[in-house]
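J.: So I've got this file, structure.txt, and it contains compact mmCIF, C-alpha atoms and all ligand atoms:
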```
# COMPACT_ATOMS: atom_id res chain seq x y z
CA MET A 1 118.41 117.76 104.49
CA SER A 2 116.93 115.44 107.12
CA SER A 3 115.56 118.30 109.28
CA VAL A 4 113.16 119.40 106.53
CA ARG A 5 109.61 118.53 107.55
CA LYS A 6 107.58 116.38 105.14
CA VAL A 7 104.76 118.05 103.23
CA ARG A 8 101.72 116.00 104.33
CA LYS A 9 98.79 118.34 103.79
CA ALA A 10 97.43 120.14 100.76
CA VAL A 11 95.04 123.09 100.66
CA PHE A 12 92.58 123.52 97.79
CA PRO A 13 90.87 126.93 97.84
CA VAL A 14 87.52 126.35 96.11
CA ALA A 15 85.61 129.38 97.41
CA GLY A 16 86.02 131.74 94.45
CA LEU A 17 83.00 133.11 92.59
CA GLY A 18 84.06 131.84 89.16
CA THR A 19 82.66 134.91 87.40
CA ARG A 20 84.68 134.16 84.25
CA PHE A 21 82.58 131.04 83.75
CA LEU A 22 79.07 132.37 84.25
CA PRO A 23 76.36 131.25 83.75
CA ALA A 24 77.73 127.68 84.24
CA THR A 25 79.10 128.61 87.68
CA LYS A 26 75.84 130.12 88.90
CA ALA A 27 74.94 126.77 90.49
CA VAL A 28 77.94 124.50 89.75
CA PRO A 29 81.38 125.30 91.19
CA LYS A 30 83.95 125.64 88.40
CA GLU A 31 86.02 122.89 90.02
CA MET A 32 83.18 120.44 89.24
CA LEU A 33 83.07 121.19 85.51
CA THR A 34 84.29 118.12 83.66
CA VAL A 35 87.41 117.68 81.59
CA VAL A 36 86.55 114.60 79.49
CA ASP A 37 84.84 112.55 82.22
CA LYS A 38 86.34 113.78 85.50
CA PRO A 39 85.73 117.02 87.36
CA VAL A 40 88.61 119.49 87.22
CA ILE A 41 89.21 119.07 90.98
CA GLN A 42 89.92 115.33 90.52
CA TYR A 43 92.94 116.05 88.30
CA VAL A 44 94.35 118.43 90.90
CA VAL A 45 93.71 116.07 93.83
CA ASP A 46 95.41 113.26 91.85
CA GLU A 47 98.47 115.50 91.35
CA ALA A 48 98.64 116.07 95.12
CA LEU A 49 98.22 112.38 95.99
CA ASP A 50 100.90 111.46 93.43
CA ALA A 51 103.25 113.83 95.29
CA GLY A 52 102.72 111.91 98.56
CA ILE A 53 100.15 114.25 100.12
CA GLU A 54 98.18 112.47 102.87
CA HIS A 55 95.52 115.00 103.88
CA LEU A 56 93.31 117.10 101.60
CA ILE A 57 91.94 120.39 102.96
CA PHE A 58 89.21 122.13 100.97
CA VAL A 59 88.34 125.74 101.66
CA THR A 60 84.81 125.92 100.30
CA GLY A 61 82.20 128.63 99.92
CA ARG A 62 78.54 129.00 99.06
CA SER A 63 77.08 126.23 96.82
CA LYS A 64 80.21 124.10 97.15
CA ALA A 65 78.53 121.24 99.08
CA VAL A 66 78.62 119.24 95.86
CA ILE A 67 82.42 119.03 96.18
CA GLU A 68 82.07 117.44 99.62
CA ASP A 69 79.52 114.98 98.20
CA TYR A 70 81.85 114.13 95.33
CA PHE A 71 84.55 112.96 97.75
CA ASP A 72 82.06 110.86 99.76
CA ILE A 73 80.46 107.44 99.18
CA GLN A 74 77.15 107.59 97.27
CA VAL A 75 75.45 104.63 98.94
CA GLU A 76 72.39 104.41 96.67
CA LEU A 77 74.41 104.73 93.49
CA GLU A 78 76.83 102.01 94.59
CA GLN A 79 73.99 99.68 95.60
CA THR A 80 72.36 100.10 92.21
CA LEU A 81 75.65 99.49 90.39
CA ARG A 82 76.18 96.35 92.47
CA GLN A 83 72.68 95.07 91.68
CA ARG A 84 73.33 95.63 87.98
CA ASN A 85 76.77 93.97 88.10
CA LYS A 86 78.51 97.13 86.92
CA THR A 87 81.83 96.08 88.42
CA ALA A 88 84.03 98.35 86.29
CA GLU A 89 82.05 101.44 87.32
CA LEU A 90 82.10 100.32 90.96
CA SER A 91 85.86 99.90 91.04
CA LEU A 92 86.27 103.27 89.32
CA LEU A 93 84.31 104.91 92.13
CA GLU A 94 86.32 103.02 94.75
CA SER A 95 89.60 104.08 93.17
CA ILE A 96 88.83 107.79 93.50
CA LEU A 97 87.45 107.66 97.04
CA PRO A 98 89.90 109.31 99.46
CA VAL A 99 91.03 107.25 102.47
CA ALA A 100 88.56 107.69 105.38
CA GLY A 101 89.55 110.63 107.54
CA SER A 102 91.94 112.10 104.97
CA THR A 103 89.75 115.03 103.90
CA SER A 104 88.75 118.19 105.77
CA PHE A 105 86.44 120.99 104.76
CA THR A 106 86.27 124.52 106.06
CA ARG A 107 84.30 127.53 104.86
CA GLN A 108 85.39 130.90 103.65
CA GLN A 109 82.18 132.79 104.41
CA GLU A 110 83.04 135.72 102.15
CA PRO A 111 85.25 135.61 99.02
CA LEU A 112 87.80 138.12 100.32
CA GLY A 113 90.62 136.82 98.13
CA LEU A 114 93.02 133.91 97.76
CA GLY A 115 95.16 135.08 100.70
CA HIS A 116 92.09 135.06 102.94
CA ALA A 117 91.01 131.61 101.67
CA VAL A 118 94.45 130.19 102.56
CA TRP A 119 94.26 131.84 106.02
CA CYS A 120 90.92 130.05 106.60
CA ALA A 121 92.85 126.74 106.51
CA ARG A 122 95.26 127.71 109.32
CA GLU A 123 93.74 125.51 112.07
CA LEU A 124 93.55 122.49 109.78
CA VAL A 125 97.13 122.91 108.55
CA GLY A 126 98.67 123.64 111.96
CA ASP A 127 102.39 124.19 112.42
CA GLU A 128 103.84 122.41 109.37
CA PRO A 129 104.69 123.17 105.73
CA PHE A 130 101.79 122.63 103.34
CA ALA A 131 101.07 122.39 99.65
CA LEU A 132 98.67 124.84 98.04
CA LEU A 133 97.11 123.95 94.70
CA LEU A 134 94.82 126.33 92.81
CA PRO A 135 92.13 123.86 91.85
CA ASP A 136 91.18 125.43 88.53
CA MET A 137 94.69 124.95 87.08
CA ILE A 138 95.30 121.50 85.57
CA MET A 139 98.92 120.54 84.89
CA LYS A 140 99.90 117.99 82.26
CA SER A 141 103.42 116.54 82.38
CA ASP A 142 105.38 113.32 82.77
CA LYS A 143 106.40 114.13 86.33
CA GLY A 144 103.66 115.81 88.37
CA CYS A 145 104.30 119.46 89.15
CA MET A 146 103.71 119.04 92.89
CA LYS A 147 105.90 115.93 92.96
CA GLY A 148 108.82 117.93 91.61
CA MET A 149 108.10 120.70 94.10
CA VAL A 150 108.07 118.29 97.06
CA GLU A 151 111.50 117.02 95.93
CA LEU A 152 112.87 120.57 95.71
CA HIS A 153 111.40 121.32 99.14
CA SER A 154 113.09 118.30 100.72
CA GLU A 155 116.42 119.35 99.14
CA SER A 156 116.19 123.02 100.12
CA GLY A 157 113.71 123.45 102.99
CA ALA A 158 112.61 126.67 101.26
CA ASN A 159 109.14 127.91 100.40
CA ILE A 160 108.58 126.69 96.84
CA ILE A 161 106.62 128.33 94.03
CA ALA A 162 106.13 126.63 90.66
CA VAL A 163 106.89 128.86 87.68
CA GLU A 164 106.67 128.67 83.91
CA GLU A 165 107.94 130.88 81.13
CA CYS A 166 105.60 133.19 79.26
CA ALA A 167 106.20 135.46 76.27
CA PRO A 168 107.90 138.59 77.70
CA ASP A 169 105.07 140.83 76.44
CA GLN A 170 102.60 138.79 78.51
CA ALA A 171 104.42 139.17 81.83
CA HIS A 172 102.19 142.05 82.96
CA LYS A 173 99.28 139.60 83.33
CA TYR A 174 100.95 137.42 85.98
CA GLY A 175 102.84 137.22 89.25
CA ILE A 176 106.49 137.26 88.14
CA VAL A 177 109.63 136.16 90.04
CA GLY A 178 113.23 137.38 89.87
CA VAL A 179 115.83 134.70 89.03
CA GLY A 180 118.72 133.91 91.41
CA GLU A 181 121.22 131.02 91.64
CA ALA A 182 120.27 127.60 90.25
CA ILE A 183 119.04 125.01 92.75
CA GLY A 184 117.79 121.51 91.81
CA GLU A 185 115.15 121.78 89.08
CA GLY A 186 114.76 125.48 89.73
CA PHE A 187 116.39 128.58 91.19
CA ARG A 188 116.41 130.92 94.18
CA ILE A 189 113.78 133.64 93.92
CA THR A 190 115.21 137.13 94.35
CA ARG A 191 111.89 139.01 94.24
CA MET A 192 108.19 138.67 93.44
CA VAL A 193 106.03 141.19 91.64
CA GLU A 194 102.30 140.89 91.01
CA LYS A 195 101.32 142.04 87.49
CA PRO A 196 104.36 144.24 86.78
CA ALA A 197 103.82 147.28 84.54
CA PRO A 198 104.74 146.46 80.90
CA GLY A 199 108.51 146.50 80.37
CA THR A 200 109.37 146.32 84.11
CA ALA A 201 109.14 142.56 84.79
CA PRO A 202 112.29 141.08 86.39
CA SER A 203 111.93 137.93 84.19
CA ASN A 204 109.33 136.05 82.17
CA PHE A 205 108.87 133.31 84.82
CA PHE A 206 105.29 133.46 86.05
CA ILE A 207 103.70 131.88 89.14
CA ASN A 208 101.40 129.13 87.86
CA GLY A 209 99.23 128.16 90.84
CA ARG A 210 101.24 125.63 92.85
CA TYR A 211 103.00 126.48 96.13
CA ILE A 212 104.65 124.85 99.15
CA LEU A 213 104.51 127.31 102.03
CA GLN A 214 105.81 127.33 105.58
CA PRO A 215 103.21 127.87 108.35
CA GLU A 216 104.75 131.28 109.14
CA ILE A 217 102.62 132.59 106.24
CA PHE A 218 99.51 132.41 108.48
CA PRO A 219 100.32 135.19 111.00
CA ILE A 220 101.26 137.40 108.04
CA LEU A 221 97.95 136.66 106.32
CA ALA A 222 96.10 137.38 109.57
CA THR A 223 97.11 141.04 109.41
CA GLN A 224 97.43 141.37 105.63
CA GLU A 225 95.52 144.36 104.32
CA ARG A 226 93.50 144.24 101.13
CA GLY A 227 95.56 144.77 97.99
CA ALA A 228 94.84 144.59 94.26
CA GLY A 229 91.14 144.08 93.42
CA ASN A 230 90.35 144.98 97.06
CA GLU A 231 91.19 141.35 97.94
CA ILE A 232 93.63 139.89 100.48
CA GLN A 233 96.44 138.86 98.14
CA LEU A 234 98.63 135.81 98.76
CA THR A 235 101.51 137.36 96.82
CA ASP A 236 101.63 140.37 99.17
CA ALA A 237 101.97 137.99 102.14
CA MET A 238 104.64 135.90 100.37
CA VAL A 239 106.66 139.06 99.66
CA LYS A 240 106.60 139.79 103.42
CA LEU A 241 107.56 136.19 104.30
CA SER A 242 110.47 136.36 101.83
CA GLY A 243 112.01 138.99 104.13
CA THR A 244 112.72 136.25 106.71
CA GLN A 245 112.60 132.94 104.78
CA PRO A 246 114.07 131.69 101.49
CA PHE A 247 111.86 131.14 98.44
CA ALA A 248 112.81 128.88 95.53
CA ALA A 249 111.15 128.42 92.16
CA TYR A 250 110.43 124.99 90.69
CA HIS A 251 110.68 125.30 86.91
CA PHE A 252 107.65 123.35 85.66
CA ARG A 253 108.17 122.14 82.08
CA GLY A 254 104.75 120.72 81.22
CA GLU A 255 101.50 122.24 80.03
CA THR A 256 99.12 124.20 82.23
CA TYR A 257 95.42 124.66 81.48
CA ASP A 258 93.59 127.43 83.29
CA CYS A 259 90.18 125.77 83.57
CA GLY A 260 88.75 128.84 85.28
CA ALA A 261 88.80 130.48 81.84
CA LYS A 262 86.83 129.29 78.82
CA ASP A 263 89.81 128.92 76.47
CA GLY A 264 91.90 126.92 78.95
CA PHE A 265 88.95 124.68 79.79
CA ILE A 266 88.21 123.89 76.14
CA LEU A 267 91.88 123.21 75.36
CA ALA A 268 92.15 120.93 78.41
CA ASN A 269 89.20 118.89 77.16
CA VAL A 270 90.75 118.51 73.71
CA ALA A 271 94.25 117.72 75.03
CA PHE A 272 93.11 115.12 77.56
CA ALA A 273 90.56 113.57 75.17
CA LEU A 274 93.22 113.08 72.46
CA GLU A 275 95.43 111.24 74.96
CA ARG A 276 92.74 108.67 75.71
CA ALA A 277 92.93 105.44 73.73
CA ASP A 278 89.13 105.01 74.02
CA ILE A 279 88.28 108.53 72.87
CA ARG A 280 90.93 109.65 70.39
CA PRO A 281 89.81 107.30 67.59
CA VAL A 282 86.26 108.65 67.72
CA VAL A 283 86.99 112.37 68.08
CA GLU A 284 90.21 113.06 66.17
CA GLU A 285 88.78 113.09 62.66
CA PRO A 286 85.57 114.97 63.57
CA LEU A 287 87.69 117.55 65.42
CA ARG A 288 89.87 118.09 62.33
CA LYS A 289 86.72 118.57 60.25
CA ILE A 290 85.32 121.13 62.67
CA VAL A 291 88.60 123.08 62.70
CA SER A 292 88.89 122.96 58.89
CA ARG A 293 85.51 124.67 58.57
CA PHE A 294 87.03 127.80 60.09
CA LYS A 295 90.09 128.01 57.83
P1 LIG B 301 90.39 133.32 90.80
O1 LIG B 301 91.28 134.47 90.59
O2 LIG B 301 90.29 132.32 89.71
O3 LIG B 301 88.96 133.90 91.21
O4 LIG B 301 90.85 132.61 92.15
P2 LIG B 301 87.54 133.23 91.12
O5 LIG B 301 86.61 134.08 91.91
O6 LIG B 301 87.57 131.79 91.50
O7 LIG B 301 87.17 133.27 89.56
P3 LIG B 301 86.81 134.51 88.61
O8 LIG B 301 88.08 135.27 88.42
O9 LIG B 301 85.72 135.29 89.27
O10 LIG B 301 86.33 133.84 87.36
C1 LIG B 301 91.98 131.76 92.19
C2 LIG B 301 91.71 130.62 93.15
O11 LIG B 301 91.46 131.12 94.46
C3 LIG B 301 90.21 130.71 94.94
C4 LIG B 301 89.40 130.33 93.71
O12 LIG B 301 88.44 129.34 94.02
C5 LIG B 301 90.48 129.84 92.76
O13 LIG B 301 90.78 128.48 92.98
N1 LIG B 301 89.60 131.80 95.72
C6 LIG B 301 89.66 133.06 95.23
C7 LIG B 301 89.01 131.53 96.91
O14 LIG B 301 88.94 130.37 97.36
N2 LIG B 301 88.48 132.57 97.64
C8 LIG B 301 88.52 133.84 97.19
O15 LIG B 301 88.03 134.74 97.90
C9 LIG B 301 89.13 134.10 95.95
```
Just give me the structure of the file as structure tokens.
Ligand code: UTP
T.:
Amino acid sequence: MSSVRKVRKAVFPVAGLGTRFLPATKAVPKEMLTVVDKPVIQYVVDEALDAGIEHLIFVTGRSKAVIEDYFDIQVELEQTLRQRNKTAELSLLESILPVAGSTSFTRQQEPLGLGHAVWCARELVGDEPFALLLPDMIMKSDKGCMKGMVELHSESGANIIAVEECAPDQAHKYGIVGVGEAIGEGFRITRMVEKPAPGTAPSNFFINGRYILQPEIFPILATQERGAGNEIQLTDAMVKLSGTQPFAAYHFRGETYDCGAKDGFILANVAFALERADIRPVVEEPLRKIVSRFK
């Protein structure tokens, strides 16, 4: 569909408190915790860039200045590396530096919820569809999750939400979608329910933290009242938007690691370390030994 506008911008809400990861997150944002040797946020930014995103918008909060520094040049460090002929390290730093002018930062002064954090990006996004990536969720797959979503968006022009299947008895923990007709690598969404009461979920497809939304979400968020947890909930606003615009689900078939939780973070470290040719040979056997001690 040639009239579908390209998704050029991505929003990363990094203003949450990270209470599940205290005390580490007392001074370090959870997005800067490292999985192997890269901060969590780098994996998520790479997924967005791989999907063709051109502009990265970070909604930051208190003590998040370190994220802004991470995406900037560190002049002294680079000078020292140059003096010491550390060319491999220098080119690594160059390879992760975003193109000049392709990042924007705005503040969410109070952590009033994900919906409110997204609303804080409204001026930077403007009047065009945008990607939204929860920066504590790392996806692992052959084709990037956001890449698949951008394809489904260009085919359908709909709002897109990535979903995965969970065990039916776990559905009450998540945002769950109702399943309509098949479309591309996904299906039309018939309804959305946040944390349905046990036994009432319309399916076992849960919302996993990746979205492509139309700008019409912003005026809805502007007047959205506080919902669950006394926070301004994105799902509540999406339910309203679904009254006037189509929503489609992209069925993501990879692995997701919730790095905002201790178990997901540890599993991400193990999974990504074992994929690395330089690390697997030195950790695989010791890891097996550690695990065997607990049998
Ligand atoms: P979470 O539900 O993980 O909340 O937010 P949290 O505060 O970050 O972490 P916990 O639950 O206290 O451990 C989901 C995403 O929304 C962002 C978070 O940074 C995270 O990426 N968020 C949440 C905001 O940016 N602002 C908010 O007010 C709430």
J.: Taking all atoms listed in the file into account, name the residue in A:Pro286, A:Pro129, A:Gly144, A:Pro246 that is nearest to A:Leu274.
T.: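 Closest to A:Leu274, using all atoms listed in the file: A:Pro286.
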J.: Around ligand LIG 301 (chain B), which protein and nucleic acid residues have at least one atom no more than 8 Å from it, if we count only C-alpha atoms and all ligand atoms? List them as a PDB file with C-alpha atoms, in the coordinates of the input.
T.:
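Output below, filename part-v6.pdb:
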```pdb
ATOM      1  CA  PHE A  12      92.580 123.520  97.790  1.00  0.00           C
ATOM      2  CA  PRO A  13      90.870 126.930  97.840  1.00  0.00           C
ATOM      3  CA  VAL A  14      87.520 126.350  96.110  1.00  0.00           C
ATOM      4  CA  ALA A  15      85.610 129.380  97.410  1.00  0.00           C
ATOM      5  CA  GLY A  16      86.020 131.740  94.450  1.00  0.00           C
ATOM      6  CA  LEU A  17      83.000 133.110  92.590  1.00  0.00           C
ATOM      7  CA  GLY A  18      84.060 131.840  89.160  1.00  0.00           C
ATOM      8  CA  THR A  19      82.660 134.910  87.400  1.00  0.00           C
ATOM      9  CA  ARG A  20      84.680 134.160  84.250  1.00  0.00           C
ATOM     10  CA  PHE A  21      82.580 131.040  83.750  1.00  0.00           C
ATOM     11  CA  LYS A  30      83.950 125.640  88.400  1.00  0.00           C
ATOM     12  CA  GLU A  31      86.020 122.890  90.020  1.00  0.00           C
ATOM     13  CA  VAL A  59      88.340 125.740 101.660  1.00  0.00           C
ATOM     14  CA  THR A  60      84.810 125.920 100.300  1.00  0.00           C
ATOM     15  CA  GLY A  61      82.200 128.630  99.920  1.00  0.00           C
ATOM     16  CA  GLN A 108      85.390 130.900 103.650  1.00  0.00           C
ATOM     17  CA  GLU A 110      83.040 135.720 102.150  1.00  0.00           C
ATOM     18  CA  PRO A 111      85.250 135.610  99.020  1.00  0.00           C
ATOM     19  CA  LEU A 112      87.800 138.120 100.320  1.00  0.00           C
ATOM     20  CA  GLY A 113      90.620 136.820  98.130  1.00  0.00           C
ATOM     21  CA  LEU A 114      93.020 133.910  97.760  1.00  0.00           C
ATOM     22  CA  GLY A 115      95.160 135.080 100.700  1.00  0.00           C
ATOM     23  CA  HIS A 116      92.090 135.060 102.940  1.00  0.00           C
ATOM     24  CA  ALA A 117      91.010 131.610 101.670  1.00  0.00           C
ATOM     25  CA  VAL A 118      94.450 130.190 102.560  1.00  0.00           C
ATOM     26  CA  LEU A 133      97.110 123.950  94.700  1.00  0.00           C
ATOM     27  CA  LEU A 134      94.820 126.330  92.810  1.00  0.00           C
ATOM     28  CA  PRO A 135      92.130 123.860  91.850  1.00  0.00           C
ATOM     29  CA  ASP A 136      91.180 125.430  88.530  1.00  0.00           C
ATOM     30  CA  MET A 137      94.690 124.950  87.080  1.00  0.00           C
ATOM     31  CA  GLU A 231      91.190 141.350  97.940  1.00  0.00           C
ATOM     32  CA  GLY A 260      88.750 128.840  85.280  1.00  0.00           C
ATOM     33  CA  ALA A 261      88.800 130.480  81.840  1.00  0.00           C
TER      34      ALA A 261
END
```
J.: For stretch 154-160 of chain A, find every residue with an atom within 9 Å (counting all atoms listed in the file), except residues of its own chain fewer than 6 positions away, and show them as a ChimeraX atom specification.
T.: /A:1-7,129,183-184,210-214,242,245-250
J.: Report the centre and edge lengths, in Å to one decimal, of an axis-aligned box enclosing every atom of stretch 91-102 of chain A listed in the file, padded by 3 Å on each side, as JSON.
T.:
```
{"center_x": 88.1, "center_y": 106.0, "center_z": 98.4, "size_x": 13.6, "size_y": 18.2, "size_z": 24.2}
```
J.: As number ranges by chain, please: the residues near A:Thr235 (cut-off 12 Å, only C-alpha atoms, same-chain neighbours under 4 positions excluded).
T.: A: 113-116, 118, 161, 174-177, 191-195, 207, 209, 211, 213, 217, 220-221, 224-228, 231, 239-242
J.: Point out the residue among A:Lys173, A:Phe272, A:Thr87, A:Thr106 with the least atom-to-atom distance to A:Glu123, counting only C-alpha atoms.
T.: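 Nearest candidate to A:Glu123 out of A:Lys173, A:Phe272, A:Thr87, A:Thr106: A:Thr106.
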J.: Please provide the set of residues having any atom within 10 Å of A:Gln170, restricted to all atoms listed in the file, with same-chain residues fewer than 4 positions apart removed, written as a ChimeraX atom specification.
T.: /A:165-166,174,195,198-199,201,204,206
J.: Since we have the selection now, will you write its residues out, keeping C-alpha atoms, as a PDB file, in the coordinates of the input?
T.:
```
ATOM      1  CA  GLU A 165     107.940 130.880  81.130  1.00  0.00           C
ATOM      2  CA  CYS A 166     105.600 133.190  79.260  1.00  0.00           C
ATOM      3  CA  TYR A 174     100.950 137.420  85.980  1.00  0.00           C
ATOM      4  CA  LYS A 195     101.320 142.040  87.490  1.00  0.00           C
ATOM      5  CA  PRO A 198     104.740 146.460  80.900  1.00  0.00           C
ATOM      6  CA  GLY A 199     108.510 146.500  80.370  1.00  0.00           C
ATOM      7  CA  ALA A 201     109.140 142.560  84.790  1.00  0.00           C
ATOM      8  CA  ASN A 204     109.330 136.050  82.170  1.00  0.00           C
ATOM      9  CA  PHE A 206     105.290 133.460  86.050  1.00  0.00           C
TER      10      PHE A 206
END
```
